[in-house]
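See below for input.txt, which holds compact mmCIF, C-alpha atoms and all ligand atoms.
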```txt
# COMPACT_ATOMS: atom_id res chain seq x y z
CA MET A 1 2.34 -4.67 3.76
CA LYS A 2 3.51 -8.22 3.28
CA LYS A 3 1.25 -8.92 0.36
CA ASN A 4 3.00 -9.96 -2.82
CA THR A 5 1.52 -7.87 -5.59
CA ASN A 6 3.68 -9.23 -8.31
CA LYS A 7 2.01 -12.56 -8.82
CA THR A 8 0.03 -11.68 -11.82
CA ALA A 9 -2.69 -13.75 -13.42
CA ALA A 10 -1.67 -15.64 -16.52
CA ALA A 11 -4.68 -14.06 -18.06
CA ALA A 12 -3.22 -10.64 -17.53
CA TYR A 13 -0.10 -11.55 -19.46
CA ARG A 14 -2.08 -12.67 -22.41
CA LYS A 15 -5.36 -10.89 -22.31
CA PRO A 16 -5.99 -7.19 -22.19
CA ALA A 17 -7.09 -6.04 -18.77
CA PRO A 18 -10.47 -4.34 -18.61
CA ASP A 19 -8.95 -0.94 -19.30
CA LYS A 20 -6.90 -2.35 -22.15
CA GLN A 21 -9.98 -3.89 -23.64
CA LYS A 22 -11.38 -0.42 -23.90
CA THR A 23 -8.21 0.70 -25.59
CA THR A 24 -8.21 -2.15 -27.96
CA ALA A 25 -11.71 -1.78 -29.18
CA ALA A 26 -11.35 1.94 -29.56
CA ALA A 27 -7.83 1.91 -30.91
CA SER A 28 -8.48 -0.66 -33.53
CA GLY A 29 -12.03 0.47 -34.23
CA LYS A 30 -12.34 -3.04 -35.66
CA PRO A 31 -9.31 -3.73 -37.82
CA ALA A 32 -9.56 -2.21 -41.26
CA GLN A 33 -8.44 -5.51 -42.72
CA ASP A 34 -10.11 -7.48 -45.42
CA LYS A 35 -12.15 -10.16 -43.62
CA LYS A 36 -11.05 -12.87 -46.05
CA LYS A 37 -7.38 -12.06 -45.63
CA LYS A 38 -5.58 -14.57 -43.47
CA SER A 39 -4.46 -13.33 -40.07
CA ARG A 40 -0.72 -13.23 -39.29
CA CYS A 41 -1.49 -15.37 -36.26
CA PRO A 42 -3.39 -18.66 -36.34
CA VAL A 43 -5.03 -18.07 -32.96
CA SER A 44 -5.81 -14.40 -33.39
CA GLY A 45 -9.36 -13.69 -32.37
CA GLN A 46 -9.21 -16.48 -29.80
CA CYS A 47 -6.56 -15.43 -27.34
CA GLY A 48 -7.04 -11.68 -27.32
CA GLY A 49 -3.43 -11.12 -26.24
CA CYS A 50 -2.67 -8.89 -29.18
CA SER A 51 -5.98 -7.83 -30.54
CA MET A 52 -4.29 -5.60 -33.15
CA ILE A 53 -2.01 -8.20 -34.69
CA ASP A 54 -3.44 -7.50 -38.15
CA VAL A 55 -3.70 -3.74 -37.77
CA PRO A 56 -0.89 -1.83 -39.55
CA TYR A 57 1.55 -0.29 -37.04
CA ASP A 58 0.77 3.30 -38.12
CA GLU A 59 -2.89 2.68 -37.50
CA GLN A 60 -2.23 1.15 -34.07
CA ILE A 61 -0.22 4.20 -33.08
CA ARG A 62 -2.88 6.59 -34.40
CA GLY A 63 -5.51 4.77 -32.34
CA LYS A 64 -3.43 4.86 -29.15
CA GLN A 65 -2.51 8.50 -29.73
CA LYS A 66 -6.19 9.40 -29.98
CA ILE A 67 -7.09 7.56 -26.78
CA LEU A 68 -4.30 9.29 -24.90
CA ASP A 69 -5.17 12.71 -26.36
CA ASP A 70 -8.82 12.23 -25.39
CA LEU A 71 -7.96 11.14 -21.86
CA ILE A 72 -5.25 13.60 -20.84
CA GLY A 73 -5.54 16.32 -23.50
CA GLU A 74 -7.19 18.73 -21.08
CA TYR A 75 -4.03 18.70 -18.92
CA ILE A 76 -1.33 18.37 -21.55
CA ILE A 77 -1.21 17.61 -25.27
CA PRO A 78 0.89 14.44 -25.48
CA ASP A 79 3.92 14.26 -27.76
CA LYS A 80 3.96 11.82 -30.64
CA PHE A 81 4.48 8.19 -29.60
CA ILE A 82 8.04 6.89 -29.45
CA ARG A 83 7.61 3.93 -31.76
CA MET A 84 9.29 0.56 -31.86
CA LYS A 85 11.36 0.04 -35.01
CA ALA A 86 10.79 -3.69 -35.34
CA PRO A 87 7.76 -4.41 -33.18
CA ASP A 88 7.94 -8.22 -33.20
CA HIS A 89 9.00 -10.74 -30.56
CA TYR A 90 9.50 -7.99 -28.02
CA ARG A 91 8.15 -9.80 -24.95
CA TYR A 92 11.07 -11.15 -22.93
CA LYS A 93 8.74 -12.71 -20.37
CA VAL A 94 6.48 -15.49 -21.55
CA THR A 95 3.95 -17.41 -19.48
CA SER A 96 2.32 -20.56 -20.77
CA VAL A 97 -0.61 -22.36 -19.14
CA PHE A 98 -0.44 -26.15 -18.94
CA ALA A 99 -3.80 -27.93 -18.68
CA PRO A 100 -5.83 -30.77 -20.18
CA ASP A 101 -8.03 -29.91 -23.16
CA ARG A 102 -11.67 -31.00 -23.37
CA LYS A 103 -10.63 -34.54 -24.28
CA GLY A 104 -8.14 -34.71 -21.44
CA LYS A 105 -5.06 -34.34 -23.67
CA PRO A 106 -2.39 -32.10 -22.13
CA VAL A 107 -1.94 -28.81 -23.93
CA CYS A 108 0.06 -25.67 -23.32
CA GLY A 109 -0.67 -22.20 -24.50
CA ILE A 110 -3.01 -19.42 -23.59
CA TYR A 111 -6.47 -19.02 -22.21
CA ARG A 112 -9.20 -18.41 -24.75
CA GLU A 113 -10.32 -14.86 -24.18
CA GLY A 114 -12.64 -14.60 -21.18
CA THR A 115 -12.47 -18.34 -20.36
CA HIS A 116 -10.24 -20.90 -18.71
CA GLU A 117 -10.07 -23.03 -21.82
CA VAL A 118 -6.49 -23.36 -23.04
CA ILE A 119 -5.72 -22.77 -26.71
CA PRO A 120 -2.54 -24.57 -27.77
CA VAL A 121 0.13 -22.09 -28.91
CA LYS A 122 3.51 -23.12 -30.26
CA SER A 123 4.87 -19.71 -31.08
CA CYS A 124 3.69 -16.15 -30.79
CA LEU A 125 4.57 -13.12 -32.90
CA ILE A 126 5.17 -10.85 -29.94
CA GLU A 127 7.02 -13.30 -27.70
CA HIS A 128 10.71 -14.06 -27.40
CA ILE A 129 11.35 -16.87 -29.89
CA GLN A 130 13.69 -18.92 -27.73
CA ALA A 131 11.31 -18.68 -24.77
CA ASP A 132 8.55 -20.20 -26.88
CA ARG A 133 10.91 -22.99 -27.99
CA ILE A 134 11.86 -23.82 -24.41
CA ILE A 135 8.19 -24.09 -23.48
CA GLN A 136 7.59 -26.47 -26.38
CA THR A 137 10.54 -28.60 -25.29
CA ILE A 138 9.15 -28.83 -21.76
CA TYR A 139 5.79 -29.83 -23.22
CA SER A 140 7.44 -32.60 -25.25
CA MET A 141 9.21 -33.92 -22.14
CA LEU A 142 6.05 -34.37 -20.05
CA PRO A 143 5.11 -37.96 -21.06
CA SER A 144 8.54 -39.47 -20.48
CA PHE A 145 8.78 -37.83 -17.05
CA ARG A 146 5.17 -38.74 -16.25
CA ILE A 147 4.39 -35.16 -15.39
CA HIS A 148 0.66 -34.51 -15.36
CA VAL A 149 -0.68 -31.10 -16.16
CA TYR A 150 -2.97 -29.45 -13.64
CA ASP A 151 -6.70 -29.91 -14.10
CA GLU A 152 -8.38 -26.97 -12.47
CA ASP A 153 -11.86 -28.50 -12.30
CA MET A 154 -10.70 -31.76 -10.72
CA ASP A 155 -7.89 -30.10 -8.74
CA ILE A 156 -5.40 -32.80 -9.75
CA GLY A 157 -2.12 -32.75 -11.64
CA LEU A 158 1.26 -31.15 -11.09
CA LEU A 159 2.30 -28.62 -13.71
CA ARG A 160 0.29 -25.40 -13.94
CA TYR A 161 2.45 -22.89 -15.77
CA VAL A 162 5.87 -22.40 -17.25
CA GLN A 163 7.29 -18.92 -17.19
CA VAL A 164 10.40 -18.00 -19.12
CA ARG A 165 12.26 -14.74 -18.68
CA ALA A 166 15.13 -13.73 -20.89
CA ALA A 167 17.64 -10.94 -20.39
CA ARG A 168 18.30 -9.07 -23.61
CA ALA A 169 21.79 -7.82 -22.81
CA THR A 170 23.32 -10.83 -21.05
CA LYS A 171 21.25 -13.51 -22.83
CA GLU A 172 20.61 -15.21 -19.48
CA ILE A 173 17.38 -17.19 -19.34
CA MET A 174 15.30 -18.17 -16.31
CA VAL A 175 12.72 -20.94 -16.42
CA THR A 176 10.13 -21.12 -13.65
CA LEU A 177 8.04 -24.28 -13.39
CA VAL A 178 4.89 -23.59 -11.44
CA LEU A 179 3.75 -26.77 -9.71
CA THR A 180 1.04 -27.75 -7.26
CA ASP A 181 3.59 -29.73 -5.24
CA PRO A 182 7.27 -29.14 -4.46
CA VAL A 183 8.31 -32.55 -5.79
CA LEU A 184 9.13 -32.79 -9.49
CA PRO A 185 9.55 -36.43 -10.60
CA SER A 186 13.14 -37.33 -11.58
CA ARG A 187 14.11 -33.74 -10.94
CA ASN A 188 17.81 -34.06 -11.68
CA THR A 189 17.27 -35.98 -14.90
CA PHE A 190 14.68 -33.42 -15.93
CA VAL A 191 17.13 -30.57 -15.37
CA ARG A 192 19.90 -32.42 -17.19
CA GLU A 193 17.68 -33.14 -20.18
CA LEU A 194 16.24 -29.62 -20.42
CA THR A 195 19.59 -27.86 -20.10
CA LYS A 196 21.14 -30.28 -22.59
CA ARG A 197 18.48 -29.35 -25.12
CA HIS A 198 18.65 -25.66 -24.18
CA PRO A 199 22.13 -24.79 -22.95
CA GLU A 200 21.06 -21.13 -23.07
CA ILE A 201 19.00 -21.67 -19.89
CA THR A 202 20.98 -20.28 -16.97
CA THR A 203 18.63 -20.97 -14.07
CA ILE A 204 15.58 -23.11 -13.27
CA ILE A 205 13.18 -22.52 -10.41
CA LEU A 206 10.40 -24.62 -8.94
CA ASN A 207 7.57 -22.43 -7.75
CA VAL A 208 4.76 -23.97 -5.72
CA ASN A 209 1.28 -22.64 -6.29
CA ASP A 210 -1.22 -24.99 -4.66
CA ARG A 211 -3.99 -22.46 -4.18
CA ASN A 212 -7.17 -22.01 -6.10
CA THR A 213 -6.22 -18.70 -7.60
CA THR A 214 -5.77 -16.97 -10.92
CA MET A 215 -2.31 -15.79 -9.86
CA VAL A 216 0.50 -17.53 -11.71
CA LEU A 217 3.19 -17.67 -9.04
CA GLY A 218 2.93 -19.00 -5.51
CA ASN A 219 5.06 -17.94 -2.54
CA ARG A 220 7.38 -20.93 -2.15
CA GLU A 221 10.34 -21.41 -4.47
CA THR A 222 13.29 -23.76 -4.80
CA VAL A 223 16.19 -23.12 -7.13
CA ILE A 224 16.98 -26.38 -8.92
CA TYR A 225 19.56 -25.10 -11.39
CA GLY A 226 21.83 -22.05 -11.56
CA LYS A 227 21.77 -19.00 -9.34
CA GLY A 228 18.00 -18.46 -9.05
CA TYR A 229 17.79 -15.15 -10.88
CA ILE A 230 18.94 -13.55 -14.12
CA GLU A 231 20.85 -10.36 -14.67
CA ASP A 232 20.23 -7.79 -17.37
CA ILE A 233 21.82 -4.48 -18.29
CA LEU A 234 19.74 -1.37 -18.87
CA CYS A 235 21.07 2.16 -19.41
CA GLY A 236 24.55 0.96 -18.45
CA LYS A 237 23.51 -0.46 -15.07
CA ARG A 238 23.29 -4.12 -14.13
CA PHE A 239 20.14 -5.56 -12.60
CA ARG A 240 19.38 -8.85 -10.95
CA ILE A 241 15.81 -10.04 -11.50
CA SER A 242 14.09 -12.75 -9.45
CA SER A 243 11.11 -14.65 -10.73
CA ARG A 244 8.59 -12.76 -8.61
CA SER A 245 9.99 -9.29 -9.10
CA PHE A 246 8.49 -6.92 -11.61
CA TYR A 247 10.64 -6.19 -14.64
CA GLN A 248 9.42 -4.51 -17.80
CA VAL A 249 8.78 -7.09 -20.53
CA ASN A 250 10.10 -5.05 -23.48
CA PRO A 251 13.75 -4.25 -22.66
CA LEU A 252 14.50 -2.31 -25.83
CA MET A 253 11.74 0.20 -25.21
CA THR A 254 12.33 0.18 -21.45
CA GLU A 255 15.71 1.83 -21.97
CA LYS A 256 14.01 4.57 -23.94
CA LEU A 257 11.31 4.90 -21.29
CA TYR A 258 13.80 5.24 -18.45
CA ASN A 259 16.00 7.70 -20.35
CA ILE A 260 12.96 9.86 -21.06
CA ALA A 261 11.79 9.71 -17.45
CA ILE A 262 15.24 10.63 -16.11
CA ASP A 263 15.74 13.37 -18.71
CA CYS A 264 12.41 14.86 -17.62
CA ALA A 265 13.83 15.27 -14.13
CA ALA A 266 16.83 17.22 -15.56
CA LEU A 267 19.00 16.16 -12.62
CA THR A 268 22.10 18.20 -11.80
CA GLY A 269 23.68 16.03 -9.10
CA ARG A 270 22.31 18.12 -6.23
CA GLU A 271 18.82 16.64 -5.91
CA THR A 272 17.16 14.41 -3.37
CA VAL A 273 15.08 11.97 -5.38
CA LEU A 274 12.32 9.55 -4.38
CA ASP A 275 11.74 6.49 -6.57
CA THR A 276 8.32 5.21 -5.58
CA TYR A 277 6.91 1.86 -6.73
CA CYS A 278 10.55 1.16 -7.60
CA GLY A 279 10.50 -2.59 -8.28
CA ILE A 280 14.10 -3.83 -8.45
CA GLY A 281 15.31 -0.25 -8.23
CA THR A 282 15.84 0.39 -11.93
CA ILE A 283 14.89 4.06 -12.21
CA GLY A 284 16.48 5.10 -8.93
CA ILE A 285 19.72 3.26 -9.68
CA ILE A 286 19.99 4.79 -13.13
CA ALA A 287 19.22 8.23 -11.69
CA ALA A 288 21.58 7.86 -8.71
CA SER A 289 24.74 8.89 -10.53
CA ARG A 290 23.04 12.18 -11.44
CA ALA A 291 21.51 12.93 -8.03
CA ARG A 292 22.76 13.68 -4.51
CA ARG A 293 20.63 11.03 -2.86
CA VAL A 294 17.91 8.57 -3.87
CA VAL A 295 15.38 6.77 -1.67
CA GLY A 296 13.20 4.08 -3.21
CA VAL A 297 10.14 2.27 -1.91
CA GLU A 298 8.62 -1.00 -3.06
CA LEU A 299 6.09 -3.42 -1.59
CA ASN A 300 7.28 -6.73 -3.02
CA GLU A 301 9.93 -8.25 -0.76
CA ASP A 302 11.70 -10.19 -3.50
CA ALA A 303 11.96 -7.04 -5.60
CA VAL A 304 13.37 -5.14 -2.62
CA ARG A 305 15.98 -7.87 -2.09
CA ASP A 306 16.91 -7.60 -5.78
CA ALA A 307 17.05 -3.82 -5.50
CA GLN A 308 19.42 -3.98 -2.54
CA GLN A 309 21.72 -6.35 -4.42
CA ASN A 310 21.49 -4.11 -7.47
CA ILE A 311 22.69 -1.15 -5.43
CA LYS A 312 25.75 -3.17 -4.33
CA MET A 313 26.39 -4.56 -7.79
CA ASN A 314 26.42 -1.05 -9.26
CA GLU A 315 28.62 0.20 -6.42
CA LEU A 316 26.34 3.03 -5.42
CA ASP A 317 26.48 4.64 -1.99
CA ASN A 318 23.84 7.35 -2.34
CA ILE A 319 20.73 5.20 -2.72
CA GLU A 320 18.65 3.10 -0.38
CA ILE A 321 15.52 1.09 -1.04
CA LEU A 322 12.88 0.50 1.61
CA GLN A 323 10.24 -2.21 1.72
CA GLY A 324 6.67 -1.11 2.33
CA ASP A 325 3.54 0.41 0.96
CA ALA A 326 4.28 3.50 -1.12
CA THR A 327 1.33 5.43 0.31
CA GLU A 328 2.38 4.77 3.92
CA PHE A 329 5.94 5.71 3.02
CA MET A 330 4.88 9.01 1.45
CA VAL A 331 2.59 9.91 4.32
CA GLU A 332 5.45 9.29 6.75
CA MET A 333 7.89 11.30 4.66
CA ALA A 334 5.43 14.19 4.54
CA GLN A 335 4.78 14.02 8.30
CA GLU A 336 8.49 14.00 9.07
CA GLY A 337 8.91 17.06 6.89
CA THR A 338 11.34 15.29 4.55
CA LYS A 339 12.35 17.37 1.54
CA ALA A 340 12.64 15.96 -1.95
CA ASP A 341 13.36 17.75 -5.20
CA VAL A 342 12.08 15.09 -7.56
CA ILE A 343 9.58 12.26 -7.11
CA PHE A 344 9.45 9.46 -9.64
CA MET A 345 6.24 7.46 -9.42
CA ASP A 346 5.61 4.31 -11.43
CA PRO A 347 2.46 2.78 -9.92
CA PRO A 348 0.69 -0.36 -11.11
CA ARG A 349 -2.17 -0.13 -13.60
CA SER A 350 -4.66 1.00 -11.01
CA GLY A 351 -2.62 4.17 -10.50
CA SER A 352 -1.74 5.78 -7.21
CA THR A 353 -3.85 6.69 -4.19
CA GLU A 354 -5.17 10.07 -3.24
CA GLU A 355 -3.33 9.83 0.06
CA PHE A 356 -0.07 9.18 -1.76
CA MET A 357 -0.62 12.15 -4.02
CA ARG A 358 -1.66 14.45 -1.20
CA ALA A 359 1.49 13.51 0.71
CA ALA A 360 3.56 14.00 -2.46
CA CYS A 361 2.14 17.51 -2.85
CA ASN A 362 2.89 18.24 0.81
CA ILE A 363 6.51 17.21 0.31
CA ASN A 364 6.42 19.87 -2.38
CA PRO A 365 8.98 18.60 -4.91
CA LYS A 366 9.79 20.84 -7.86
CA LYS A 367 9.15 17.95 -10.21
CA ILE A 368 7.05 14.83 -10.23
CA VAL A 369 7.77 12.36 -13.01
CA TYR A 370 4.82 10.02 -13.43
CA ILE A 371 5.39 6.82 -15.41
CA SER A 372 2.03 5.34 -16.24
CA CYS A 373 0.91 2.09 -17.83
CA SER A 374 -2.75 3.08 -17.88
CA PRO A 375 -3.95 6.36 -19.34
CA TRP A 376 -7.25 5.97 -17.46
CA SER A 377 -5.72 6.00 -14.00
CA LEU A 378 -3.19 8.57 -15.24
CA ALA A 379 -6.00 10.94 -16.25
CA ARG A 380 -7.60 10.57 -12.82
CA ASP A 381 -4.30 11.16 -11.01
CA LEU A 382 -3.38 14.13 -13.21
CA GLU A 383 -6.63 15.78 -12.24
CA PHE A 384 -5.58 15.56 -8.60
CA PHE A 385 -2.13 17.00 -9.19
CA VAL A 386 -3.45 19.81 -11.36
CA GLU A 387 -5.96 20.75 -8.67
CA ASN A 388 -3.22 20.68 -6.05
CA GLY A 389 -0.54 23.00 -7.31
CA TYR A 390 1.12 21.14 -10.18
CA GLU A 391 0.97 21.52 -13.91
CA ALA A 392 1.70 18.91 -16.55
CA ARG A 393 4.56 20.15 -18.73
CA MET A 394 5.30 17.17 -20.92
CA ALA A 395 3.67 13.85 -21.77
CA ILE A 396 5.70 11.39 -23.78
CA PRO A 397 4.09 8.09 -24.78
CA VAL A 398 6.38 5.13 -25.47
CA ASP A 399 5.03 2.14 -27.36
CA MET A 400 6.10 -0.66 -25.04
CA PHE A 401 3.36 -3.08 -26.15
CA PRO A 402 2.89 -3.10 -29.95
CA TYR A 403 -0.15 -5.00 -31.26
CA THR A 404 -1.87 -4.71 -27.89
CA GLY A 405 -3.85 -1.86 -26.41
CA GLY A 406 -1.19 -1.07 -23.79
CA ILE A 407 -0.28 2.61 -23.50
CA GLU A 408 2.76 3.70 -21.47
CA THR A 409 3.32 7.40 -20.84
CA VAL A 410 5.84 9.55 -19.01
CA VAL A 411 4.39 12.79 -17.66
CA LEU A 412 6.43 15.61 -16.18
CA LEU A 413 4.61 17.67 -13.57
CA THR A 414 6.16 20.82 -12.17
CA HIS A 415 5.25 22.86 -9.18
CA ILE A 416 3.43 26.11 -9.93
CA LYS A 417 5.22 28.88 -8.07
N1 LIG A 501 9.60 1.17 -11.38
C1 LIG A 501 9.73 -0.25 -11.52
C2 LIG A 501 8.47 -1.03 -11.18
C3 LIG A 501 7.18 -0.54 -11.79
S1 LIG A 501 5.81 -1.66 -11.68
C4 LIG A 501 10.23 -0.62 -12.90
O1 LIG A 501 10.28 0.23 -13.78
O2 LIG A 501 10.62 -1.77 -13.10
C5 LIG A 501 5.02 -1.18 -10.23
C6 LIG A 501 5.68 -1.67 -8.97
O3 LIG A 501 4.88 -1.21 -7.88
C7 LIG A 501 5.77 -3.18 -8.81
O4 LIG A 501 7.10 -3.53 -8.54
C8 LIG A 501 4.86 -3.50 -7.63
O5 LIG A 501 5.34 -4.57 -6.83
C9 LIG A 501 4.90 -2.21 -6.87
N2 LIG A 501 3.75 -1.92 -6.00
C10 LIG A 501 2.45 -2.23 -6.20
N3 LIG A 501 1.71 -1.74 -5.22
C11 LIG A 501 2.54 -1.08 -4.37
C12 LIG A 501 2.36 -0.36 -3.18
N4 LIG A 501 1.16 -0.20 -2.64
N5 LIG A 501 3.44 0.19 -2.59
C13 LIG A 501 4.68 0.05 -3.11
N6 LIG A 501 4.90 -0.63 -4.26
C14 LIG A 501 3.85 -1.19 -4.88
```
For the file at hand, write its structure as structure tokens.
Ligand code: SAH
Amino acid sequence: MKKNTNKTAAAAYRKPAPDKQKTTAAASGKPAQDKKKKSRCPVSGQCGGCSMIDVPYDEQIRGKQKILDDLIGEYIIPDKFIRMKAPDHYRYKVTSVFAPDRKGKPVCGIYREGTHEVIPVKSCLIEHIQADRIIQTIYSMLPSFRIHVYDEDMDIGLLRYVQVRAARATKEIMVTLVLTDPVLPSRNTFVRELTKRHPEITTIILNVNDRNTTMVLGNRETVIYGKGYIEDILCGKRFRISSRSFYQVNPLMTEKLYNIAIDCAALTGRETVLDTYCGIGTIGIIAASRARRVVGVELNEDAVRDAQQNIKMNELDNIEILQGDATEFMVEMAQEGTKADVIFMDPPRSGSTEEFMRAACNINPKKIVYISCSPWSLARDLEFFVENGYEARMAIPVDMFPYTGGIETVVLLTHIK
């Protein structure tokens, strides 16, 4: 229950996860580009973050559409993808690894695909431009502050990662320095120098990760500048986001995703709604003004704290967010005989659990709106719902991750009478 699931491996930010690798290979079917033609990205083919960087957008979408059709077509024929108009620099969260290269020179960038070797990257076509610049500035400041990058093999050095998160609507920017030790040399001078060079930074956090792990963020944090979180606005609501809380990386498409998900529920103001795997409460908070009551559940404590603040900030009195495991929560709700009209579920890539879904079916909502970031786990979970009294009525894919194999889909399930 207390486990923090939001500390994601740097590798996962940059490299396709196993299921995405499948997507990528299949979706691109090996880019139909001329081999001699120069790639748009100097490190393409090494980092694997956006394996389709040289594949025309239409072709990327066709590939993803086919994968989705093949996986869930037996339950519902998906709509056409909602596409991104200008699919560049859409990632508002950027993580850079700091490490010595083979010769011991400090570098920052990304892991070479499938390894722990760091490929230097100065800028990336899918990342927020200013975030990349801030990371380069930090890199340039290392020698004068005598900050050593972390050497994994030797287990020495201080700086492991820099994570930058930007808020599209408010322009606030959070910088998280992930260190092996809570003490940053000449901390105040460092902050002064960095914020002088980047006045757009609104908060800086020191995160301590001293464990031998592939997770980026550790559990201990100190705010060394600003308020310790950023705020963004989505669908007219304001959200506070802490460094360890989940927040979608592509804000422009996230608004579309949430609007689609909430439209699917066709709320009238009379419904009791559950927002499961709710993160900082985004979907539930946006839905709250159109529902009678909303209850959210989320495992990550920081995200729950954000969600509770977000409820206050948006002056809502018909929503509460609980901390805990979504499966346990659903089982309890079902046992208590709680009624809900609509269940939103937005599980991590691995999908939901059978117990969760069985409890959801027992609660017997008219509608289940499933927001999925993996069509493989979605297909598995749809099978369960279809065998247990629900039918898929709509599947709307939203291209949240252009140039990568990521496939995000909203599926509306309704109860068969
Ligand atoms: N709906 C939110 C978050 C989606 S990401 C949004 O749109 O921003 C999935 C969320 O599920 C993450 O916040 C993660 O911390 C949470 N999570 C993962 N496993 C969980 C579990 N077993 N129970 C509850 N929440 C979980």
For this session: Could I get the residue neighbourhood of ligand LIG 501 (chain A) at 10 Å, counting all atoms listed in the file, as a PyMOL selection string?
Result: chain A and resi 1+3-7+241+244-249+254-255+257-258+275-284+296-304+322-330+344-353+356+371-373
task: Would you kindly return, as number ranges by chain, each protein, DNA or RNA residue with an atom no farther than 9 Å from any atom of Phe81 in chain A, considering only C-alpha atoms and excluding same-chain residues fewer than 4 positions away?
output: A: 61-62, 64-65, 396-399, 409
Asp232 in chain A surroundings by only C-alpha atoms, 6 Å radius, close-in-sequence under 2 positions cut, as a PDB file with C-alpha atoms, in the coordinates of the input:
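Generated file (result-v5.pdb):
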```
ATOM      1  CA  ALA A 167      17.640 -10.940 -20.390  1.00  0.00           C
ATOM      2  CA  ALA A 169      21.790  -7.820 -22.810  1.00  0.00           C
ATOM      3  CA  THR A 170      23.320 -10.830 -21.050  1.00  0.00           C
ATOM      4  CA  ARG A 238      23.290  -4.120 -14.130  1.00  0.00           C
ATOM      5  CA  PHE A 239      20.140  -5.560 -12.600  1.00  0.00           C
TER       6      PHE A 239
END
```
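One finds CA of Lys367 in chain A at 11.8 Å from CA of Lys417 in chain A.
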**Request:** Provide the CA of Thr180 in chain A to CA of Gly157 in chain A distance in Å, to one decimal place.
**Result:**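 Taking CA of Thr180 in chain A as the start and CA of Gly157 in chain A as the end point, the length is 7.4 Å.
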Between A:Met174, A:Met215, A:Ile205, A:Cys124, which one has atoms that come closest to Ile230 in chain A, using all atoms listed in the file?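 Among A:Met174, A:Met215, A:Ile205, A:Cys124, it is A:Met174 that comes nearest to Ile230 in chain A.
The list of residues with at least one atom within 8 Å of range 110-123 of chain A, based on all atoms listed in the file and without residues fewer than 2 positions apart in the same chain, reads Ala11, Arg14, Lys15, Val43, Gln46, Cys47, Gly48, Ser96, Val97, Phe98, Ala99, Pro100, Asp101, Val107, Cys108, Leu125, Glu127, Ile129, Asp132, Arg133 and Gln136 of chain A.
Take CA of Lys103 in chain A and CA of Ile147 in chain A: the distance between them is 17.5 Å.
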Can you tell me, as JSON, numbers by chain, what residues are no more than 12 Å from Arg160 in chain A when counting all atoms listed in the file, ignoring any on the same chain fewer than 2 positions away? {"A": [10, 95, 96, 97, 98, 99, 100, 106, 107, 108, 109, 110, 118, 139, 147, 148, 149, 150, 151, 152, 155, 156, 157, 158, 162, 163, 176, 177, 178, 179, 180, 181, 206, 207, 208, 209, 210, 211, 212, 213, 214, 215, 216, 217, 218]}
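Shortest atom-to-atom contact with Gln60 in chain A among A:Pro402, A:Val273, A:Arg393, A:Ile416: A:Pro402, counting all atoms listed in the file.
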Pick from A:Gly73, A:Asp153, A:Lys366, A:Leu274: nearest to Gly104 in chain A, with only C-alpha atoms counted?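 Looking at the shortest contact to Gly104 in chain A, the residue is A:Asp153.
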Q | Which residue of A:Arg197, A:Lys93, A:Arg192, A:Arg292 approaches Ile173 in chain A most closely, using all atoms listed in the file | A |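 Nearest to Ile173 in chain A: A:Lys93.
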Which of A:Ala392, A:Arg102, A:Arg220, A:Ile135 sits closest to Pro182 in chain A [using all atoms listed in the file]: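 When distances to Pro182 in chain A are compared using all atoms listed in the file, the smallest one comes from A:Arg220.
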